[in-house]
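*Asks:* This one is data-v1.txt, compact mmCIF, C-alpha atoms.
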# COMPACT_ATOMS: atom_id res chain seq x y z
CA MET X 277 0.00 0.00 0.00
CA LYS X 278 1.30 3.45 -0.90
CA LYS X 279 1.82 5.95 1.91
CA LEU X 280 -0.95 8.37 2.76
CA THR X 281 -0.82 11.95 1.58
CA LYS X 282 -0.68 14.75 4.17
CA ALA X 283 -4.27 15.74 3.36
CA SER X 284 -5.50 12.18 3.88
CA LYS X 285 -3.73 11.88 7.22
CA ARG X 286 -5.28 15.18 8.27
CA TRP X 287 -8.78 14.04 7.35
CA ILE X 288 -8.49 10.68 9.06
CA ILE X 289 -7.31 12.37 12.27
CA PHE X 290 -10.10 14.94 11.94
CA SER X 291 -12.77 12.26 11.46
CA ALA X 292 -11.44 10.25 14.40
CA ALA X 293 -11.51 13.37 16.57
CA ILE X 294 -15.09 14.17 15.54
CA ALA X 295 -16.21 10.57 16.16
CA ALA X 296 -14.49 10.60 19.57
CA ALA X 297 -16.09 13.94 20.44
CA VAL X 298 -19.57 12.75 19.42
CA ILE X 299 -19.28 9.45 21.30
CA SER X 300 -17.83 11.04 24.44
CA THR X 301 -20.58 13.71 24.42
CA ILE X 302 -23.24 11.02 24.14
CA THR X 303 -21.62 8.94 26.89
CA PHE X 304 -21.43 12.03 29.09
CA PHE X 305 -25.14 12.76 28.61
CA ILE X 306 -26.14 9.15 29.25
CA LEU X 307 -24.12 9.07 32.47
CA LEU X 308 -25.59 12.42 33.47
CA SER X 309 -29.19 11.34 32.90
CA ARG X 310 -28.78 7.92 34.54
CA GLY X 311 -31.72 7.15 36.76
CA ARG X 312 -33.54 10.28 35.65
CA SER X 313 -34.90 8.96 32.38
CA GLU X 314 -38.21 7.22 32.17
CA PRO X 315 -38.35 3.52 31.30
CA ARG X 316 -39.90 4.36 27.97
CA ASP X 317 -37.34 7.01 27.12
CA ALA X 318 -35.98 6.50 23.61
CA SER X 319 -32.86 8.64 24.04
CA GLY X 320 -30.68 5.55 24.60
CA TYR X 321 -31.57 4.13 21.18
CA ILE X 322 -31.04 7.49 19.48
CA ALA X 323 -27.68 7.92 21.25
CA ALA X 324 -26.61 4.46 20.13
CA ALA X 325 -27.68 5.24 16.55
CA VAL X 326 -25.69 8.51 16.57
CA ALA X 327 -22.61 6.68 17.93
CA VAL X 328 -22.92 4.03 15.19
CA ILE X 329 -23.25 6.79 12.54
CA ALA X 330 -20.10 8.48 13.92
CA LEU X 331 -18.15 5.20 13.74
CA VAL X 332 -19.46 4.37 10.25
CA SER X 333 -18.49 7.89 9.06
CA LEU X 334 -14.99 7.37 10.47
CA GLY X 335 -14.76 3.98 8.76
CA PHE X 336 -15.92 5.51 5.49
CA THR X 337 -13.32 8.31 5.71
CA ILE X 338 -10.53 5.80 6.41
CA PHE X 339 -11.71 3.64 3.51
CA ALA X 340 -12.04 6.55 1.08
CA ARG X 341 -8.70 8.09 2.04
CA THR X 342 -6.59 4.93 2.14
CA ARG X 343 -7.99 3.28 -0.96
CA ARG X 344 -6.51 4.41 -4.27
CA GLY X 345 -8.49 3.46 -7.31
CA LEU X 346 -7.03 1.09 -9.86
CA PHE X 347 -5.90 3.89 -12.17
CA ALA X 348 -5.15 6.51 -9.53
CA SER X 349 -2.72 4.08 -7.91
CA ARG X 350 -0.57 4.42 -11.04
CA LEU X 351 0.15 8.04 -10.14
CA CYS X 352 3.39 8.76 -8.28
CA ASP X 353 3.10 10.46 -4.88
CA ASP X 354 3.38 14.06 -6.15
CA TYR X 355 0.83 13.52 -8.87
CA TYR X 356 -1.47 11.63 -6.53
CA SER X 357 -1.35 14.50 -4.02
CA ALA X 358 -2.33 16.94 -6.77
CA TYR X 359 -5.10 14.58 -7.90
CA GLU X 360 -6.43 14.37 -4.34
CA ARG X 361 -6.35 18.15 -3.88
CA ILE X 362 -8.25 18.65 -7.13
CA LYS X 363 -10.81 16.07 -6.05
CA ASP X 364 -11.28 17.96 -2.77
CA TYR X 365 -11.74 21.25 -4.66
CA LEU X 366 -14.25 19.63 -6.99
CA ASN X 367 -16.15 18.14 -4.06
CA ALA X 368 -16.42 21.65 -2.63
CA SER X 369 -17.81 22.99 -5.89
CA THR X 370 -21.41 23.41 -7.02
CA LEU X 371 -21.03 20.65 -9.61
CA GLY X 372 -23.44 17.75 -9.49
CA PHE X 373 -22.39 14.18 -8.78
CA PHE X 374 -22.06 13.08 -12.41
CA GLU X 375 -20.34 16.32 -13.43
CA ARG X 376 -17.81 15.85 -10.65
CA ARG X 377 -17.22 12.25 -11.68
CA THR X 378 -16.60 13.29 -15.30
CA ALA X 379 -14.25 16.07 -14.22
CA VAL X 380 -12.30 13.78 -11.88
CA GLN X 381 -11.93 11.20 -14.63
CA ASP X 382 -10.68 13.87 -17.06
CA VAL X 383 -8.15 15.08 -14.51
CA LEU X 384 -6.95 11.54 -13.84
CA GLU X 385 -6.48 10.86 -17.54
CA LEU X 386 -4.64 14.16 -17.94
CA LEU X 387 -2.31 13.50 -14.99
CA LEU X 388 -1.48 9.98 -16.16
CA GLU X 389 -0.57 11.28 -19.61
CA ALA X 390 1.51 14.13 -18.17
CA GLN X 391 3.29 11.77 -15.79
CA ARG X 392 4.23 9.52 -18.70
CA ASP X 393 5.83 12.54 -20.38
CA ASN X 394 7.73 13.44 -17.17
CA ARG X 395 6.15 16.88 -16.96
CA SER X 396 5.90 18.91 -13.80
CA ILE X 397 2.50 19.42 -12.18
CA ALA X 398 2.83 23.21 -12.40
CA ASP X 399 3.47 22.89 -16.14
CA VAL X 400 0.27 20.89 -16.57
CA LEU X 401 -2.14 22.53 -14.16
CA GLY X 402 -0.65 25.97 -13.82
CA ALA X 403 0.76 27.51 -10.67
CA ASN X 404 -2.58 27.41 -8.88
CA GLU X 405 -4.67 24.24 -8.92
CA GLU X 406 -7.64 26.11 -7.48
CA VAL X 407 -7.72 28.32 -10.59
CA PHE X 408 -7.71 25.21 -12.78
CA VAL X 409 -10.66 23.77 -10.86
CA ARG X 410 -12.50 27.11 -11.11
CA LYS X 411 -12.03 27.11 -14.89
CA LEU X 412 -13.19 23.51 -15.06
CA GLN X 413 -16.23 24.36 -12.96
CA GLU X 414 -17.04 27.41 -15.10
CA SER X 415 -16.94 25.23 -18.21
CA PHE X 416 -20.12 23.57 -16.90
CA GLY X 417 -21.86 26.95 -16.91
CA PHE X 418 -22.51 29.53 -14.22
CA ARG X 419 -24.78 28.60 -11.35
CA SER X 420 -25.45 30.50 -8.19
CA ALA X 421 -23.53 28.91 -5.35
CA MET X 422 -25.96 30.47 -2.86
CA LEU X 423 -28.96 28.95 -4.58
CA ILE X 424 -27.34 25.51 -4.84
CA HIS X 425 -26.33 25.61 -1.16
CA PHE X 426 -29.85 26.70 -0.20
CA LEU X 427 -31.40 23.82 -2.17
CA ASN X 428 -28.92 21.35 -0.67
CA GLY X 429 -29.68 22.71 2.80
CA ALA X 430 -33.44 22.51 2.28
CA PHE X 431 -33.11 18.95 1.01
CA LEU X 432 -30.97 17.91 3.99
CA THR X 433 -33.35 19.59 6.46
CA ILE X 434 -36.45 17.81 5.26
CA ILE X 435 -34.63 14.48 4.95
CA MET X 436 -33.22 14.83 8.48
CA LEU X 437 -36.61 15.82 9.90
CA GLY X 438 -38.07 12.69 8.29
CA ILE X 439 -35.26 10.53 9.71
CA VAL X 440 -35.60 12.05 13.20
CA GLN X 441 -39.38 11.47 13.18
CA THR X 442 -38.86 7.88 12.01
CA ALA X 443 -36.22 7.32 14.72
CA ILE X 444 -38.57 8.69 17.39
CA TYR X 445 -41.39 6.51 16.09
CA LEU X 446 -39.24 3.33 15.92
CA SER X 447 -37.79 3.84 19.37
CA SER X 448 -41.19 4.36 20.96
CA THR X 449 -42.24 1.39 23.06
CA GLU X 450 -45.86 2.41 23.41
CA SER X 451 -48.29 -0.24 22.25
CA ASP X 452 -50.49 2.20 20.31
CA ARG X 453 -47.61 4.05 18.67
CA ASN X 454 -48.45 5.94 15.51
CA PHE X 455 -45.91 7.40 13.09
CA PHE X 456 -47.99 10.53 12.51
CA HIS X 457 -48.14 11.21 16.27
CA ALA X 458 -44.34 11.06 16.70
CA ARG X 459 -43.24 14.59 17.57
CA ILE X 460 -39.87 16.28 17.28
CA GLY X 461 -38.37 18.35 20.11
CA THR X 462 -38.36 22.05 19.20
CA GLN X 463 -34.95 22.35 20.83
CA ILE X 464 -33.21 20.44 18.05
CA LEU X 465 -34.73 22.44 15.17
CA PRO X 466 -32.20 25.33 15.11
CA TYR X 467 -29.34 22.82 15.21
CA LEU X 468 -30.85 20.79 12.40
CA ILE X 469 -30.98 23.97 10.33
CA ILE X 470 -27.36 24.83 11.16
CA LEU X 471 -26.37 21.22 10.38
CA SER X 472 -28.13 21.37 7.02
CA PHE X 473 -27.51 24.90 5.79
CA VAL X 474 -24.26 26.01 7.39
CA LEU X 475 -22.05 23.02 8.13
CA PRO X 476 -22.07 21.21 4.74
CA PRO X 477 -20.93 24.19 2.62
CA LEU X 478 -18.53 25.27 5.38
CA SER X 479 -17.15 21.72 5.63
CA ARG X 480 -16.63 21.46 1.88
CA TYR X 481 -14.94 24.86 1.78
CA LEU X 482 -12.63 24.08 4.68
CA MET X 483 -11.93 20.59 3.30
CA ALA X 484 -10.87 22.07 -0.01
CA LYS X 485 -8.62 24.50 1.84
CA SER X 486 -7.23 21.66 4.00
CA ARG X 487 -8.28 23.43 7.18
CA ALA X 488 -9.15 20.35 9.21
CA LEU X 489 -8.50 22.06 12.53
CA LEU X 490 -10.92 24.90 11.77
CA LEU X 491 -13.53 22.39 10.66
CA PHE X 492 -13.09 20.44 13.88
CA ALA X 493 -13.47 23.71 15.79
CA ALA X 494 -16.70 24.48 13.88
CA TYR X 495 -18.23 21.13 14.88
CA ILE X 496 -17.11 21.49 18.48
CA CYS X 497 -18.54 25.04 18.52
CA LEU X 498 -21.92 23.69 17.43
CA VAL X 499 -21.94 21.14 20.27
CA VAL X 500 -20.77 23.77 22.78
CA LEU X 501 -23.43 26.16 21.44
CA GLU X 502 -26.15 23.59 22.00
CA ILE X 503 -25.02 22.60 25.49
CA GLY X 504 -24.30 26.21 26.44
CA THR X 505 -27.63 27.55 25.17
CA THR X 506 -29.59 24.80 26.90
CA THR X 507 -27.75 25.27 30.19
CA ILE X 508 -28.11 29.06 30.16
CA LEU X 509 -31.77 28.95 29.16
CA ARG X 510 -32.59 26.37 31.86
CA ARG X 511 -30.76 28.34 34.52
CA PHE X 512 -31.81 31.88 33.69
CA GLY X 513 -34.92 31.67 31.58
CA GLY X 514 -36.83 28.88 33.28
CA ASP X 515 -39.83 31.11 34.10
CA SER X 516 -40.38 32.31 30.57
CA SER X 517 -43.08 30.43 28.66
CA TRP X 518 -41.16 30.99 25.43
CA VAL X 519 -38.03 29.34 26.86
CA HIS X 520 -40.12 26.52 28.31
CA SER X 521 -41.80 25.78 24.99
CA PHE X 522 -38.43 25.92 23.21
CA LEU X 523 -36.68 23.54 25.61
CA ASP X 524 -39.48 21.11 26.33
CA GLY X 525 -41.92 21.68 23.50
CA THR X 526 -42.51 19.34 20.59
CA VAL X 527 -43.67 19.89 17.07
CA GLY X 528 -45.39 17.58 14.62
CA PHE X 529 -43.72 17.38 11.22
CA ILE X 530 -45.27 14.58 9.16
CA THR X 531 -48.68 14.55 10.78
CA SER X 532 -50.83 12.87 8.12
CA TRP X 533 -50.77 10.98 4.87
CA THR X 534 -51.23 14.25 2.97
CA VAL X 535 -48.15 15.78 4.65
CA LEU X 536 -46.22 12.57 3.99
CA VAL X 537 -47.05 12.78 0.28
CA LEU X 538 -46.13 16.48 0.25
CA TRP X 539 -42.88 15.67 2.07
CA GLY X 540 -42.04 13.04 -0.55
CA ALA X 541 -42.95 15.44 -3.36
CA VAL X 542 -40.68 18.19 -2.00
CA ALA X 543 -37.88 15.64 -1.44
CA ILE X 544 -38.14 14.73 -5.13
CA LEU X 545 -38.70 18.28 -6.35
CA ILE X 546 -35.48 19.69 -4.87
CA PRO X 547 -33.08 17.37 -6.77
CA VAL X 548 -35.19 17.93 -9.90
CA THR X 549 -34.83 21.72 -9.44
CA ARG X 550 -31.07 21.31 -9.05
CA TRP X 551 -30.98 19.27 -12.25
CA VAL X 552 -33.04 21.90 -14.12
CA LEU X 553 -30.72 24.67 -12.88
CA ARG X 554 -27.73 22.71 -14.19
CA ARG X 555 -29.36 22.20 -17.56
CA LEU X 556 -30.21 25.93 -17.74
CA SER X 557 -26.64 26.91 -16.90
CA ILE X 558 -25.35 24.63 -19.67
CA ARG X 559 -27.80 26.22 -22.11
CA ARG X 560 -26.55 29.66 -21.17
CA LEU X 561 -22.94 28.74 -21.99
CA GLY X 562 -21.53 31.48 -24.16
CA MET N 133 -0.95 41.03 -22.48
CA GLY N 134 -1.25 37.62 -20.85
CA ARG N 135 -1.79 34.68 -23.13
CA ASP N 136 -4.71 33.42 -21.10
CA THR N 137 -7.06 36.13 -22.35
CA GLN N 138 -10.59 36.08 -23.75
CA LEU N 139 -9.13 36.63 -27.23
CA LEU N 140 -6.92 33.59 -26.85
CA LYS N 141 -9.81 31.51 -25.48
CA GLY N 142 -12.07 32.45 -28.38
CA THR N 143 -9.31 31.75 -30.86
CA LEU N 144 -8.50 28.44 -29.20
CA GLU N 145 -12.12 27.34 -29.37
CA GLY N 146 -12.14 27.95 -33.11
CA CYS N 147 -8.76 26.26 -33.60
CA ILE N 148 -9.83 23.20 -31.62
CA LEU N 149 -13.03 22.91 -33.66
CA LYS N 150 -11.05 23.21 -36.88
CA MET N 151 -8.51 20.61 -35.72
CA LEU N 152 -11.20 18.17 -34.72
CA SER N 153 -13.08 18.62 -37.98
CA ARG N 154 -10.44 16.38 -39.57
CA ASN N 155 -9.50 13.91 -36.83
CA ARG N 156 -10.94 12.38 -33.71
CA GLU N 157 -8.60 13.08 -30.82
CA TYR N 158 -8.50 12.85 -27.06
CA GLY N 159 -7.73 15.84 -24.85
CA TYR N 160 -4.02 15.30 -24.41
CA GLN N 161 -3.54 14.81 -28.17
CA VAL N 162 -5.35 18.09 -28.85
CA ILE N 163 -3.00 19.91 -26.46
CA SER N 164 0.12 18.30 -27.94
CA ARG N 165 -0.98 19.33 -31.41
CA LEU N 166 -1.76 22.89 -30.33
CA ARG N 167 1.75 23.10 -28.88
CA LYS N 168 3.32 21.84 -32.09
CA ILE N 169 1.29 24.33 -34.14
CA GLY N 170 2.59 27.27 -32.15
CA PHE N 171 0.62 27.63 -28.92
CA GLU N 172 3.76 26.64 -27.00
CA ASP N 173 2.67 28.03 -23.64
CA ILE N 174 -0.74 26.47 -23.71
CA GLN N 175 -1.60 24.48 -20.61
CA GLU N 176 -3.95 21.59 -20.05
CA ALA N 177 -5.62 23.79 -17.44
CA THR N 178 -6.80 26.01 -20.30
CA VAL N 179 -7.71 23.40 -22.89
CA TYR N 180 -9.62 20.82 -20.81
CA PRO N 181 -12.30 23.31 -19.71
CA ILE N 182 -12.65 24.47 -23.34
CA LEU N 183 -13.16 20.90 -24.56
CA ASN N 184 -15.70 20.33 -21.84
CA ARG N 185 -17.59 23.53 -22.70
CA LEU N 186 -17.60 22.76 -26.43
CA ALA N 187 -18.97 19.29 -25.71
CA LEU N 188 -21.70 20.66 -23.43
CA LYS N 189 -22.65 23.24 -26.07
CA GLY N 190 -23.08 20.40 -28.55
CA LEU N 191 -20.25 21.53 -30.83
CA LEU N 192 -18.21 18.42 -30.01
CA SER N 193 -19.27 14.93 -29.15
CA TYR N 194 -17.17 12.25 -27.53
CA LYS N 195 -16.92 8.51 -27.13
CA MET N 196 -15.29 6.76 -24.21
CA ILE N 197 -12.50 4.63 -25.62
CA PRO N 198 -10.43 2.23 -23.46
CA SER N 199 -6.92 3.47 -22.77
CA GLU N 200 -3.80 1.42 -22.00
CA LEU N 201 -2.73 4.11 -19.55
CA GLY N 202 -5.71 4.62 -17.30
CA PRO N 203 -9.47 5.12 -17.32
CA PRO N 204 -11.37 5.23 -20.64
CA ARG N 205 -10.57 8.37 -22.58
CA LYS N 206 -12.94 10.88 -24.09
CA VAL N 207 -12.20 10.85 -27.79
CA TYR N 208 -13.69 14.02 -29.25
CA SER N 209 -15.15 14.54 -32.69
CA ILE N 210 -16.94 17.49 -34.21
CA THR N 211 -20.72 17.62 -34.62
CA ARG N 212 -22.66 19.24 -37.45
CA VAL N 213 -23.33 22.29 -35.31
CA GLY N 214 -19.61 22.32 -34.52
CA GLU N 215 -18.71 22.20 -38.20
CA ALA N 216 -20.91 25.24 -38.87
CA ALA N 217 -19.29 27.06 -35.93
CA ALA N 218 -15.81 26.13 -37.20
CA ALA N 219 -16.64 27.48 -40.67
CA GLU N 220 -18.01 30.68 -39.13
CA PHE N 221 -14.84 31.03 -37.03
CA ALA N 222 -12.65 30.61 -40.15
CA ASN N 223 -14.58 33.31 -42.03
CA ASN N 224 -14.55 35.72 -39.09
CA TRP N 225 -10.87 35.10 -38.49
CA ARG N 226 -9.93 35.82 -42.11
CA SER N 227 -11.80 39.12 -42.16
CA ILE N 228 -10.45 40.15 -38.75
CA ARG N 229 -6.92 39.19 -39.78
CA ILE N 230 -7.14 41.30 -42.94
CA ALA N 231 -8.43 44.29 -40.98
CA VAL N 232 -5.82 43.94 -38.24
CA ASP N 233 -3.01 43.50 -40.80
CA ARG N 234 -4.13 46.72 -42.55
CA VAL N 235 -4.09 48.61 -39.26
CA LEU N 236 -0.63 47.32 -38.43
CA GLU N 237 0.68 48.10 -41.91
CA GLU N 238 -0.66 51.67 -41.76
CA GLU N 239 0.83 52.17 -38.33
CA ALA N 240 4.19 50.88 -39.58
CA LYS N 241 4.32 53.42 -42.44
Step by step, read the file and then write its structure as structure tokens.
*Replies:*
Amino acid sequence: MKKLTKASKRWIIFSAAIAAAVISTITFFILLSRGRSEPRDASGYIAAAVAVIALVSLGFTIFARTRRGLFASRLCDDYYSAYERIKDYLNASTLGFFERRTAVQDVLELLLEAQRDNRSIADVLGANEEVFVRKLQESFGFRSAMLIHFLNGAFLTIIMLGIVQTAIYLSSTESDRNFFHARIGTQILPYLIILSFVLPPLSRYLMAKSRALLLFAAYICLVVLEIGTTTILRRFGGDSSWVHSFLDGTVGFITSWTVLVLWGAVAILIPVTRWVLRRLSIRRLG
Amino acid sequence: MGRDTQLLKGTLEGCILKMLSRNREYGYQVISRLRKIGFEDIQEATVYPILNRLALKGLLSYKMIPSELGPPRKVYSITRVGEAAAAEFANNWRSIRIAVDRVLEEEAK
């Protein structure tokens, strides 16, 4: 096996740190709430699911970063590092999945050819790889990064709300449990929105810039923000009805078959809108 | 004036279309040929996005052909729309060249 690039090492360490932080936070909360939770409390199942997701994400990162594809493994270390950096830049771009795949394949072909001719990376890609990726991205047509990030965020939010409601429903031990009666805690809504709208574009940007430490800090800040806000609100705002309904209130999301159908329709409509925007941007190519 | 200008890009698009109107070629071949013709400083970073844009605009089409070196290559060929665009480029270029030559000649006098 070839040695890992610096960027890969950084990302594996970052993922391990995030997984460790998530699992230790969950363990801390479970230990803290020991004996206080009701027998029917589902938080244990949800905590276990989150811990499993953290470990699976870590495993995926290790797999993705250590495994070189059949053709990419033919690149020497310098070329492979450049290939990996370009892939990270492309992943941070507004290109769709298939566009990114095409671009990555083009870059791989180009680097293999250039390596055969013993050319330097700067000679092939220019002094700044980011500029090359920007040109490559622009060749797919202009699209508003804000709009794409908004659509991605909206898609993630509604998918996550659906998953959270399903998790709450599945972990309920009540005999007459009903999916449409499963309610989501209002407290988690702002964090779901931050998780969907802010963290993914920020993560991609910082990943492309190889700022693993800043990204780790952003995730830790979110956790600290949640714990801090809850603690402060409980301590100082306990009398306020607004604070009470925020901390202990629940909200129904998918409350009927009609809403479920609407939810499904929106979940389909968002990727379709993204696809239409891409087609329009290609049409507008000068 | 830097060589990576809009003028150069527009010219390159036309040249690439013209080159591909005779042969089918993959990206790296196109670049090698451009270098031999006289675009010595041209970089892959400039040409690959142009090929991609021309293909998306429907002026070029490509087939994925297995390569001994790596993943299947995109082998580009010109489309009918591309041929019309290449002919238009050639006409425009000739008239522009004549006009520019006249200006330069007059300035030299």
*Asks:* Return the single residue from X:Tyr365, X:Phe408, X:Phe374, X:Phe305 that is closest to chain N, with distances computed using all atoms listed in the file.
*Replies:* X:Phe408
*Asks:* Could you tell me which of X:Thr337, X:Ser349, X:Asn454, X:Thr281 comes closest to chain N if we count all atoms listed in the file?
*Replies:*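 Nearest to chain N: X:Ser349.
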*Asks:* Any idea what the distance is between atom CA of Ala541 of chain X and atom CA of Phe431 of chain X?
*Replies:*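 Calculated distance between atom CA of Ala541 of chain X and atom CA of Phe431 of chain X is 11.3 Å.
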*Asks:* Name the closest residue to chain X among the candidates N:Ala216, N:Val235, N:Ile230, N:Val162; distances are taken between atoms, counting only C-alpha atoms.
*Replies:*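 Result for the nearest residue to chain X: N:Val162.
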*Asks:* Write out as a count of residues only which residues come within 12 Å of Ser284 of chain X when counting all atoms listed in the file, dropping same-chain ones fewer than 4 positions away.
*Replies:* 24
